[in-house]
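Here's the structure we're looking at; comments come further down.
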Amino acid sequence: MTQLMQAIVLGLLIGGVYALLASGLTLIFGVMDVINVAQGALIILSAFITWTLWRELGLDPLLGVLVTTPAMFVIGYGLYKATVQWISGRPASMSVLLTFALALVIEGVMGIVWSTTYHAATPSYVNQSFRGAGLYFPKAQVFGCAIAIGVLTCLYVFLRATWLGRAIRAVSENVTSARLVGVNARNVAALTFAIGVATTGAGGSITAVLYPFLPGSHYQWISRLLGIIVLGGMGSLPGAVIGALLLGVAETMTVTYISPRWATMVPYAVIMVVLLARPQGIGGAKLREDVVV
Amino acid sequence: MSERAALSRATESGAFSLVARHGLRALVAAALLGLAVYPLVSDNLYYQNMIILSLLFAIMGSGWNIISGFGGYVSLGQSVFLGIGAYTTALFSLRVFEGASPFWFPPVSAVVAGIFAAVVGSILMRTRGHSFVILTIAFLFVMQLVTLNWSQLTNGNHGLTLPLPRWDRDYQYWPFYYFLFGLMLMSVALSYWIRRTKFGMGLIAIREDENKAASVGVNTPIYKVLGFVASAVFIGAAGGVYAYYLTFIDPRGMFDIVISVQVVLAVLIGGRGTIWGPILGAFILEPLNEITNNEFGGGSERLIFFGALLALVVLVLPRGVIPSVAEIFTRRREKRRAALVGARIERKPLRIEAREERAELRPATGPLLEVRDVEKRFGGVRAVDGVSLAVEEGTITALIGPNGSGKTTLFNLMDGTMSLDRGQVWLEGRRIDRLPPWRRAHLGMGRTFQITRLFRQMTVLENVVAPLGSFTWRQLGADAVSGPEAERAQELLDFVGMGRFAAQRAAALSFGQQKLVELAQVLMLDPKLIMLDEPAGGINPTLIEHMADMIRELNRRRTTFLIVEHNMPLVLGLCDPVLVLARGKCICEGTPEHVQADPAVLDAYLGEDFVVEQRTGVEA
């Protein structure tokens with residue numbers, strides 16, 4: 001029983017972090033119909049920046065969020081302006097190919113700058129835990145989850161309460177109508193992409209503490225994130241949060257009860273089952289069916 | 001321009017002028033000859049290796065091109081078949097027939113890859129667009145993980161070592177070289193064959209518009225799954241040869257997404273949807289691969305190079321070298337025909353036999369089409385809420401109703417584009433609401449769309465030939481456009497007045513012209529019932545008259561019509577009976593006069609406070 005509870009607690013803690021990581025991907029997809037395959041590589045990039053700041057300047061990795069978030073925002077804006085904006089309106093596969101290409105370039109750059117070996121930011125609290133109710137609550141995970149929840153709350157409030165947030169939601173509902181009522185859809189798309197990438201700032205900083213990483217780790221991350229947003233319903237932010245928590249628990253359960261070797265399989269299994277059985281995911285209801293694809 | 005010339009040009013379907021074609025043929029032949037004799041005249045192993053890897057990429061690209069270039073289903077996991085092929089050959093030569101030369105097993109690899117593709121394809125291809133792309137990636141990684149973790153069979157992480165080649169060193173890599181060369185020729189032959197058969201035409205129709213393809217009778221699941229199988233078999237065989245060539249395979253190297261992406265990149269460079277594009281692309285990409293390996297020692301720099309190249313190709317040259325060059329030739333050729341775009345629409349009488357003969361075969365029991373208590377919900381909205389209606393044979397029945405009353409949804413339910421939540425649809429006394437769209441087309445139901453949906457990259461003639469009145473396995477191998485089919489299509493085009501446009505690309509036509517071609521396309525199926533969704537919507541008054549004339553003429557030949565239309569003068573002059581749909585229900589049925597006088601209809605169109613004196617407004 002304790003083992004089960006422990007698995008669930010760890011799953012939920014890591015699920016909170018996953019939710020933050022997936023939020024950017026789902027936000028970008030919702031607004032511009034682009035699956036940003038480079039999101040995983042951007043997380044690793046942020047993790048490397050965090051690692052360097054920690055190593056060279058002694059900045060706590062979790063405080064690194066304050067640096068990486070604006071840095072990733074700028075990078076996201078630049079990537080959009082340089083590449084992504086030119087493929088709007090082209091078939092889905094082209095945007096996947098383009099962002100995949102970006103992921104390869106980022107992976108290569110990271111390999112040159114930081115080498116292709118495992119890195120990990122290990123501040124003093126990394127091996128400490130809170131204890132309560134007979135369970136362990138690893139400090140790094142608790143802090144990471146708290147930061148993730150904080151950033152997600154900011155994001156949610158921003159989307160709900162600001163003009164730009166409303167514009168983003170409007171564009172994700174219906175681009176044409178949003179244009180008609182005076183939303184500059186191009187600018188909104190650029191800012192959404194930048195904000196979506198900015199979430200990898202905080203996400204990457206937390207990741208740097210929780211897992212060892214190397215440039216090639218981005219495949220693992222992007223598959224996990226895809227699993228989450230597919231499960232939650234692509235484009236839905238609340239769906240992504242639920243999907244993330246479920247996937248976090250599913251992974252820790254697999255590690256606890258089956259084998260860590262098969263834990264990497266969980267996101268793929270989720271992707272396959274959900275896309276084939278309920279393509280709209282948990283969050284998405286089918287309100288209308290477009291016959292024209 | 002004579003009709004014959006139009007025909008031959010339309011069937012040519014390629015984009016090169018004859019002269020350019022001959023020149024290119026010579027070039028291709030010379031290149032192939034060069035490849036065939038190269039190992040005999042040079043003992044440079046570095047270049048032999050480079051060509052062997054190019055051949056591998058060419059085979060993979062050629063395969064990928066079938067499902068993704070022709071069929072439009074972009075797979076980023078195509079190297080899964082390389083891995084499956086490699087492991088099949090390795091396991092057979094190590095575990096099953098110990099000591100046998102691995103060269104016996106690539107055919108087995110091909111079969112195993114084909115079976116895999118059939119099973120996986122029939123599951124994955126129920127999704128489209130983003131979902132399909134993601135699933136192919138996921139499938140690749142799943143297979144990698146399975147191979148890694150099933151270590152009793154595959155030796156997991158440590159990989160498998162195959163026996164070393166036993167032939168004399170004087171023969172260098174020849175056996176690998178010629179094996180792959182042969183496989184490449186077979187891949188190209190397969191692509192060529194597919195491109196000129198109904199199979200390939202169906203795949204292209206699916207790429208252009210899958211629902212439309214199904215509605216004109218293309219058995220889309222079979223076409224797609226077979227396309228996936230065709231794209232996998234030679235990759236599987238090549239995987240077997242590749243495993244032997246490397247003599248060592250491991251899961252990460254064999255189920256490698258970067259190889260998948262490089263294959264896609266090669267085809268994009270060469271030209272997607274062309275026969276030789278993948279081959280050209282492979283022979284451009286692989287040497288680049290070698291150069292980057294030598295210059296930068298592989299690794300990170302190589303990733304940057306290929307990532308940047310892929311981004312550049314996607315952004316700047318998404319159509320590839322061959323189509324872009326072909327475009328230049330086409331432009332030059334079409335300059336002379338530019339005047340045709342403004343050509344008049346001239347109709348010719350229809351020589352097709354009337355339906356009478358066939359009509360006698362059917363006992364006159366009940367209506368031709370019957371809809372019983374049909375319902376369709378979108379979330380909480382009941383778009384169609386318990387509609388029952390019947391279309392009698394030989395009539396021109398109208399279906400009218402205010403915007404949003406569920407007319408088009410009802411059409412989609414009747415032809416199977418959407419599945420219904422409740423109710424039944426019967427055609428000629430046969431229940432069809434569980435049948436897929438193409439079966440309904442085979443049974444004699446044809447429809448057009450409110451916003452025309454032609455296969456945009458096909459010529460007008462190909463568009464008209466694309467519909468399939470039945471499905472047989474033999475059909476897959478039939479000529480894409482046979483002589484009689486082309487003749488009949490030309491006749492139908494003449495009938496709708498679009499005969500002179502046969503060789504034009506469908507995308508180049510105006511909206512009204514597209515409506516006419518879409519009608520000809522449906523007529524190709526020789527349907528008993530034609531459902532027209534707003535035939536007069538968005539076209540000029542002359543064309544509307546022209547459309548009405550054709551409908552009357554076809555109706556005299558005993559084709560039944562069901563027409564959704566907002567143009568009241570047209571409906572009242574052409575149709576009898578008229579059915580009225582409002583808020584998802586059928587509220588009135590009868591002659592045009594009866595419907596005009598029905599207060600419920602006036603209420604539905606104009607609201608409760610409508611005053612009777614304004615009634616003339618409805619008619620105008």
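Going through the structure tokens in order, the chains are called A, B, and so on, while each chain numbers its residues from 1 and the ligands are numbered from 1 in the order shown.
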Write out as JSON lines a residue-level contact list of chain B versus chain A with cut-off 7 Å: for each qualifying residue the closest pair of atoms and the distance in Å to one decimal, counting only C-alpha atoms, rows sorted by chain and residue number upward.
```
{"residue": "B:Val74", "atom": "CA", "partner": "A:Ser93", "partner_atom": "CA", "distance": 6.3}
{"residue": "B:Gly129", "atom": "CA", "partner": "A:Ala92", "partner_atom": "CA", "distance": 5.9}
{"residue": "B:His130", "atom": "CA", "partner": "A:Ala92", "partner_atom": "CA", "distance": 5.7}
{"residue": "B:Ser131", "atom": "CA", "partner": "A:Leu275", "partner_atom": "CA", "distance": 6.6}
{"residue": "B:Val133", "atom": "CA", "partner": "A:Ser93", "partner_atom": "CA", "distance": 6.8}
{"residue": "B:Leu135", "atom": "CA", "partner": "A:Met272", "partner_atom": "CA", "distance": 6.4}
{"residue": "B:Ala138", "atom": "CA", "partner": "A:Tyr268", "partner_atom": "CA", "distance": 5.4}
{"residue": "B:Val142", "atom": "CA", "partner": "A:Tyr268", "partner_atom": "CA", "distance": 6.6}
{"residue": "B:Ser300", "atom": "CA", "partner": "A:Gly108", "partner_atom": "CA", "distance": 4.0}
{"residue": "B:Glu301", "atom": "CA", "partner": "A:Gly108", "partner_atom": "CA", "distance": 5.9}
{"residue": "B:Leu303", "atom": "CA", "partner": "A:Gly108", "partner_atom": "CA", "distance": 5.1}
{"residue": "B:Ile304", "atom": "CA", "partner": "A:Val105", "partner_atom": "CA", "distance": 4.2}
{"residue": "B:Gly307", "atom": "CA", "partner": "A:Ala101", "partner_atom": "CA", "distance": 4.2}
{"residue": "B:Ala308", "atom": "CA", "partner": "A:Val105", "partner_atom": "CA", "distance": 6.4}
{"residue": "B:Leu310", "atom": "CA", "partner": "A:Ala101", "partner_atom": "CA", "distance": 5.7}
{"residue": "B:Ala311", "atom": "CA", "partner": "A:Leu98", "partner_atom": "CA", "distance": 5.2}
{"residue": "B:Val314", "atom": "CA", "partner": "A:Leu98", "partner_atom": "CA", "distance": 6.4}
{"residue": "B:Leu315", "atom": "CA", "partner": "A:Trp86", "partner_atom": "CA", "distance": 6.9}
{"residue": "B:Phe378", "atom": "CA", "partner": "A:Leu287", "partner_atom": "CA", "distance": 4.9}
{"residue": "B:Gly379", "atom": "CA", "partner": "A:Leu287", "partner_atom": "CA", "distance": 4.7}
```
Requested in this report: Record the distance separating atom CA of B:Gly299 and atom CA of A:Thr117, expressed in Å with one decimal.
Outcome: 12.3 Å
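Of the residues listed (A:Val197, A:Met1, A:Leu13, A:Gly144), A:Leu13 shows the shortest atom-to-atom separation from A:Val249; distances use only C-alpha atoms.
Here the DSSP assignment of strand (DSSP E or B), based on backbone atoms, applies within stretch 110-159 of chain A to His119, Ser129, Phe130, Arg131, Gly132, Leu135, Tyr136, Phe137 and Pro138 of chain A.
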Same residues, C-alpha atoms, output as an mmCIF file, in the first residue's frame:
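Contents of result_11.cif, freshly written:
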```cif
data_model
loop_
_atom_site.group_PDB
_atom_site.id
_atom_site.type_symbol
_atom_site.label_atom_id
_atom_site.label_comp_id
_atom_site.auth_asym_id
_atom_site.auth_seq_id
_atom_site.Cartn_x
_atom_site.Cartn_y
_atom_site.Cartn_z
ATOM 1 C CA HIS A 119 25.188 16.422 -17.357
ATOM 2 C CA SER A 129 13.678 14.498 1.122
ATOM 3 C CA PHE A 130 10.774 15.730 3.182
ATOM 4 C CA ARG A 131 9.081 12.962 5.081
ATOM 5 C CA GLY A 132 5.467 12.706 6.087
ATOM 6 C CA LEU A 135 6.198 8.676 2.488
ATOM 7 C CA TYR A 136 9.196 10.358 0.901
ATOM 8 C CA PHE A 137 8.847 13.707 -0.812
ATOM 9 C CA PRO A 138 12.176 14.395 -2.553
#
```
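For the set B:Arg302, B:Arg453, B:Lys224, B:Arg440, the residue with the smallest atom-to-atom gap to B:Leu124 is B:Lys224, counting only C-alpha atoms.
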Contact residues around A:Gly30 with only C-alpha atoms at 10 Å, ignoring same-chain residues under 4 positions, as a PDB file with N, CA and C atoms, in the first residue's frame:
```
ATOM      1  N   GLY A  24       3.533  24.495 -23.182  1.00  0.00           N
ATOM      2  CA  GLY A  24       4.000  25.268 -24.330  1.00  0.00           C
ATOM      3  C   GLY A  24       3.673  24.580 -25.640  1.00  0.00           C
ATOM      4  N   LEU A  25       3.870  23.273 -25.658  1.00  0.00           N
ATOM      5  CA  LEU A  25       3.611  22.509 -26.880  1.00  0.00           C
ATOM      6  C   LEU A  25       2.141  22.591 -27.275  1.00  0.00           C
ATOM      7  N   THR A  26       1.279  22.441 -26.280  1.00  0.00           N
ATOM      8  CA  THR A  26      -0.156  22.431 -26.575  1.00  0.00           C
ATOM      9  C   THR A  26      -0.638  23.829 -26.936  1.00  0.00           C
ATOM     10  N   VAL A  34       0.753  23.926 -35.309  1.00  0.00           N
ATOM     11  CA  VAL A  34       2.103  23.442 -35.564  1.00  0.00           C
ATOM     12  C   VAL A  34       2.524  22.593 -34.375  1.00  0.00           C
ATOM     13  N   ILE A  35       2.970  21.368 -34.642  1.00  0.00           N
ATOM     14  CA  ILE A  35       3.549  20.564 -33.565  1.00  0.00           C
ATOM     15  C   ILE A  35       5.021  20.908 -33.503  1.00  0.00           C
ATOM     16  N   ILE A 168      -4.939  35.462 -27.942  1.00  0.00           N
ATOM     17  CA  ILE A 168      -4.382  34.125 -28.196  1.00  0.00           C
ATOM     18  C   ILE A 168      -5.489  33.088 -28.208  1.00  0.00           C
ATOM     19  N   ARG A 169      -6.381  33.192 -27.212  1.00  0.00           N
ATOM     20  CA  ARG A 169      -7.465  32.210 -27.176  1.00  0.00           C
ATOM     21  C   ARG A 169      -8.382  32.362 -28.384  1.00  0.00           C
ATOM     22  N   VAL A 171      -7.554  33.417 -31.387  1.00  0.00           N
ATOM     23  CA  VAL A 171      -6.923  32.856 -32.583  1.00  0.00           C
ATOM     24  C   VAL A 171      -6.972  31.332 -32.534  1.00  0.00           C
ATOM     25  N   SER A 172      -6.822  30.764 -31.339  1.00  0.00           N
ATOM     26  CA  SER A 172      -6.830  29.298 -31.274  1.00  0.00           C
ATOM     27  C   SER A 172      -8.228  28.753 -31.549  1.00  0.00           C
ATOM     28  N   GLU A 173      -9.273  29.548 -31.255  1.00  0.00           N
ATOM     29  CA  GLU A 173     -10.630  29.099 -31.588  1.00  0.00           C
ATOM     30  C   GLU A 173     -10.868  29.181 -33.088  1.00  0.00           C
ATOM     31  N   THR A 192       2.737  33.896 -29.272  1.00  0.00           N
ATOM     32  CA  THR A 192       2.376  32.588 -28.715  1.00  0.00           C
ATOM     33  C   THR A 192       3.547  31.625 -28.814  1.00  0.00           C
ATOM     34  N   GLY A 233      -5.863  15.890 -25.251  1.00  0.00           N
ATOM     35  CA  GLY A 233      -6.583  16.579 -26.321  1.00  0.00           C
ATOM     36  C   GLY A 233      -5.693  17.695 -26.824  1.00  0.00           C
ATOM     37  N   MET A 234      -5.236  17.582 -28.082  1.00  0.00           N
ATOM     38  CA  MET A 234      -4.240  18.527 -28.569  1.00  0.00           C
ATOM     39  C   MET A 234      -4.794  19.945 -28.583  1.00  0.00           C
ATOM     40  N   GLY A 235      -4.021  20.861 -28.016  1.00  0.00           N
ATOM     41  CA  GLY A 235      -4.437  22.258 -28.013  1.00  0.00           C
ATOM     42  C   GLY A 235      -5.143  22.679 -26.743  1.00  0.00           C
ATOM     43  N   SER A 236      -5.450  21.734 -25.865  1.00  0.00           N
ATOM     44  CA  SER A 236      -6.172  22.092 -24.643  1.00  0.00           C
ATOM     45  C   SER A 236      -5.213  22.175 -23.463  1.00  0.00           C
ATOM     46  N   LEU A 237      -5.180  23.339 -22.795  1.00  0.00           N
ATOM     47  CA  LEU A 237      -4.265  23.519 -21.673  1.00  0.00           C
ATOM     48  C   LEU A 237      -4.691  22.707 -20.444  1.00  0.00           C
TER      49      LEU A 237
END
```
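Residue nearest B:Ile451 within the list B:Phe116, B:Phe248, B:Trp64, B:Phe511: B:Phe511 [criterion: smallest interatomic distance, only C-alpha atoms].
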Query raised in the report: Which residues, written as a PyMOL selection string, have at least one atom at most 8 Å from stretch 44-61 of chain A, with only C-alpha atoms counted and residues fewer than 4 positions away on the same chain left out?
Result: chain A and resi 40+65+68+72+106+110+114+119-121+123+200-209+213-215+217-218
Write out as a compact mmCIF listing (two decimals) with C-alpha atoms, in the first residue's frame which residues come within 12 Å of stretch 41-45 of chain B when counting only C-alpha atoms, dropping same-chain ones fewer than 5 positions away.
```
# COMPACT_ATOMS: atom_id res chain seq x y z
CA GLY B 34 27.42 4.04 -65.50
CA LEU B 35 26.22 2.61 -62.19
CA ALA B 36 26.05 -0.88 -63.66
CA MET B 50 29.28 5.52 -51.20
CA ILE B 51 27.24 4.15 -54.08
CA ILE B 52 26.04 1.22 -52.02
CA ARG B 169 38.35 -10.43 -51.90
CA ASP B 170 38.87 -9.72 -55.58
CA TYR B 171 35.10 -9.35 -55.85
CA GLN B 172 35.17 -6.48 -53.34
CA TYR B 173 31.61 -5.37 -52.47
CA TRP B 174 30.15 -6.51 -55.78
CA TYR B 177 26.41 -3.56 -54.87
```
Query - Exercise: B:Leu435 partners within 12 Å, only C-alpha atoms, chain neighbours under 4 positions left out, as a VMD selection string - result: chain B and resid 214 to 215 217 219 413 to 420 424 to 427 430 to 431 439 to 443
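Here atom CA of B:Asp549 is placed at a distance of 18.1 Å from atom CA of B:Asp526.
Residues surrounding A:Gly196 within 10 Å are Leu21, Ala22, Ser23, Gly24, Leu25, Thr26, Leu27, Ile28, Phe29, Asn36, Gln39, Met72, Phe73, Gly76, Tyr77, Leu155 and Ala190 of chain A [only C-alpha atoms; sequence separation below 6 positions excluded].
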Requested in this report: Can you check which residues of stretch 5-220 of chain A DSSP gives as helix (DSSP H, G or I) on the backbone and send them as a VMD selection string?
Outcome: chain A and resid 5 to 32 39 to 57 65 to 82 84 to 87 92 to 114 124 to 127 139 to 161 163 to 173 175 to 180 185 to 210 215 to 220
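Our summary of the geometry notes that atom CA of B:Ile291 is positioned 28.3 Å from atom CA of A:Tyr118.
Closest approach to B:Arg252 among B:Ala237, B:Val229, B:Thr147, B:Val316 is made by B:Thr147 (distances from only C-alpha atoms).
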